[in-house]
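Let me begin by presenting the structure, written as structure tokens, before commenting on it.
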Amino acid sequence: MFLEVSTTEDVDRYMEIIRTSAALAHDWIAAFRGDPVELLRELKYSPVGRHPIEDRPLNLVEQINQTWTYAVALEATRKLIELHPDAGGFKVAPGAHMSIPLDIMSVEEGLVGAETFATVHPRNNGKLVSDRTKLSSRPELHRYVFFASPAFPTTERLFAFEIAQVQVWSIAV
């Protein structure tokens with residue numbers, strides 16, 4: 001499954017769904033009364049959270065991870081709409097388990113491809129290197145890696161991180 005995103009209004013609509021899911025998690029945590037270790041157990045193991053986009057339960061740790069996966073991909077798509085209004089919109093499917101080869105692909109086949117991730121720092125876990133390597137051999141005319149990190153709090157192109165015509169951008173989320 002992938003999200004179809006053609007306009008910034010589409011991005012806003014999906015971000016509002018994410019906020020609604022986050023509000024449910026917030027309310028559950030605020031209502032929790034009990035042992036702090038039991039709270040952490042519930043957060044990790046119990047399906048007390050919600051998927052940020054789909055209407056299904058998740059544990060809250062996974063909800064946190066999925067929330068930032070989707071938020072980064074959607075905000076990256078917002079930037080791509082600005083950069084490539086001729087792309088015909090975008091298919092957005094962040095995460096390795098999704099249905100398209102890249103996290104974001106233009107509807108106009110072969111025009112735009114992007115990978116996205118959220119991290120404490122983009123050099124952690126080799127994700128930036130891995131994504132740049134993956135994209136460097138892709139056929140899309142325009143290739144990108146987008147990441148969100150507190151170490152890079154603004155949306156900007158990071159020329160120092162680029163290789164082989166793969167643009168690297170930080171995304172403010």
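Naming scheme: A, B, ... for chains in displayed order of the structure tokens; residues 1 onward per chain; ligands 1 onward as shown.
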
Subject >> Non-local contacts of region 42-59 of chain A (6 Å; only C-alpha atoms; under 2 positions in same chain excluded) as a PyMOL selection string >> reply: chain A and resi 18+21+25+39-40+61-63+67

Subject >> 10 Å contact set for Tyr70 (chain A), only C-alpha atoms, chain neighbours under 5 positions out, as an MDAnalysis selection string >> reply: chainID A and resid 14:15 18 52:53 65 75:76 92:95 103 116:118

Original post:
Running DSSP on the backbone, which parts of chain A land in strand (DSSP E), as a ChimeraX atom specification?
Top reply: /A:3-5,49-50,57-58,90-92,104-106,112-118,142-148,156-157,166-170

May I have the selected residues written with N, CA and C atoms, as a compact mmCIF listing (two decimals), in the first residue's frame?
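Written output follows (selection.txt):
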# COMPACT_ATOMS: atom_id res chain seq x y z
N LEU A 3 0.61 5.80 -0.16
CA LEU A 3 -0.21 6.99 -0.11
C LEU A 3 -0.04 7.73 -1.43
N GLU A 4 -1.10 8.27 -1.95
CA GLU A 4 -1.02 9.10 -3.14
C GLU A 4 -1.04 10.55 -2.69
N VAL A 5 0.00 11.29 -3.06
CA VAL A 5 0.14 12.68 -2.63
C VAL A 5 0.43 13.53 -3.86
N GLY A 49 -1.35 1.81 21.37
CA GLY A 49 -1.19 2.92 20.44
C GLY A 49 -1.92 2.64 19.14
N ARG A 50 -1.74 3.53 18.16
CA ARG A 50 -2.37 3.39 16.86
C ARG A 50 -1.32 3.61 15.78
N PRO A 57 -4.28 -1.00 15.73
CA PRO A 57 -3.49 -0.82 16.94
C PRO A 57 -2.02 -1.19 16.74
N LEU A 58 -1.18 -0.54 17.52
CA LEU A 58 0.26 -0.84 17.60
C LEU A 58 0.69 -0.63 19.05
N PHE A 90 3.03 12.03 -6.21
CA PHE A 90 4.00 11.08 -5.68
C PHE A 90 3.31 9.91 -5.00
N LYS A 91 3.95 8.76 -5.09
CA LYS A 91 3.58 7.58 -4.31
C LYS A 91 4.50 7.59 -3.10
N VAL A 92 3.91 7.50 -1.91
CA VAL A 92 4.67 7.57 -0.67
C VAL A 92 4.44 6.29 0.12
N ILE A 104 9.66 7.21 -1.69
CA ILE A 104 8.86 8.16 -2.47
C ILE A 104 9.24 8.00 -3.94
N MET A 105 8.22 7.92 -4.79
CA MET A 105 8.46 7.83 -6.23
C MET A 105 7.44 8.71 -6.94
N SER A 106 7.91 9.42 -7.97
CA SER A 106 7.00 10.26 -8.74
C SER A 106 6.04 9.39 -9.53
N VAL A 112 11.49 11.09 -10.39
CA VAL A 112 11.95 11.36 -9.03
C VAL A 112 11.88 10.11 -8.18
N GLY A 113 12.94 9.88 -7.40
CA GLY A 113 12.96 8.82 -6.40
C GLY A 113 13.65 9.31 -5.15
N ALA A 114 13.14 8.89 -3.98
CA ALA A 114 13.73 9.35 -2.73
C ALA A 114 13.62 8.29 -1.64
N GLU A 115 14.59 8.31 -0.78
CA GLU A 115 14.57 7.53 0.46
C GLU A 115 14.52 8.52 1.61
N THR A 116 13.91 8.11 2.73
CA THR A 116 13.72 9.00 3.87
C THR A 116 13.98 8.25 5.17
N PHE A 117 14.38 8.99 6.19
CA PHE A 117 14.52 8.39 7.52
C PHE A 117 14.58 9.45 8.60
N ALA A 118 14.29 9.04 9.82
CA ALA A 118 14.41 9.88 11.01
C ALA A 118 15.50 9.29 11.88
N HIS A 142 16.02 12.41 -11.00
CA HIS A 142 16.27 13.18 -9.78
C HIS A 142 16.19 12.23 -8.59
N ARG A 143 17.28 12.16 -7.82
CA ARG A 143 17.35 11.22 -6.70
C ARG A 143 17.70 11.98 -5.42
N TYR A 144 17.03 11.58 -4.33
CA TYR A 144 17.17 12.31 -3.07
C TYR A 144 17.23 11.36 -1.88
N VAL A 145 17.93 11.83 -0.84
CA VAL A 145 17.80 11.29 0.51
C VAL A 145 17.35 12.45 1.39
N PHE A 146 16.27 12.23 2.13
CA PHE A 146 15.77 13.20 3.09
C PHE A 146 15.82 12.58 4.48
N PHE A 147 16.25 13.35 5.46
CA PHE A 147 16.24 12.85 6.83
C PHE A 147 15.83 13.95 7.79
N ALA A 148 15.29 13.55 8.92
CA ALA A 148 15.00 14.47 10.02
C ALA A 148 15.92 14.10 11.17
N GLU A 156 16.94 22.02 4.56
CA GLU A 156 17.98 22.58 3.70
C GLU A 156 18.75 21.47 2.99
N ARG A 157 19.27 21.84 1.84
CA ARG A 157 20.11 20.92 1.07
C ARG A 157 21.49 20.89 1.71
N VAL A 166 23.13 12.37 -6.07
CA VAL A 166 22.06 12.11 -5.10
C VAL A 166 22.04 13.30 -4.14
N GLN A 167 20.97 14.07 -4.21
CA GLN A 167 20.84 15.20 -3.30
C GLN A 167 20.48 14.72 -1.91
N VAL A 168 21.03 15.40 -0.91
CA VAL A 168 20.73 15.08 0.49
C VAL A 168 20.15 16.34 1.14
N TRP A 169 19.00 16.15 1.78
CA TRP A 169 18.28 17.24 2.44
C TRP A 169 17.95 16.87 3.87
N SER A 170 18.10 17.85 4.77
CA SER A 170 17.50 17.71 6.10
C SER A 170 16.09 18.26 6.00

**OP:** Between CA of Gly126 (chain A) and CA of Leu111 (chain A), measure the distance and give it in Å to one decimal.
**Re:** 26.2 Å

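Here CA of Ala22 (chain A) and CA of Thr69 (chain A) stand 13.5 Å from one another.
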
**OP:** Once DSSP has gone over the backbone, tell me which residues of region 85-159 of chain A are in helix (DSSP H, G or I), as an MDAnalysis selection string.
**Re:** chainID A and resid 85:87 124:136 159

Original post:
In Å, how far is it from CA of Ser130 (chain A) to CA of Leu60 (chain A)?
Top reply: 27.3 Å

Original post:
Which is closest to Arg78 (chain A) among A:Ile171, A:Leu158, A:Ala30, A:Val11, if we use only C-alpha atoms?
Top reply: A:Val11

Original post:
Pick from A:Ala23, A:Thr8, A:His121, A:Phe32: nearest to Pro85 (chain A), with only C-alpha atoms counted?
Top reply: A:Thr8
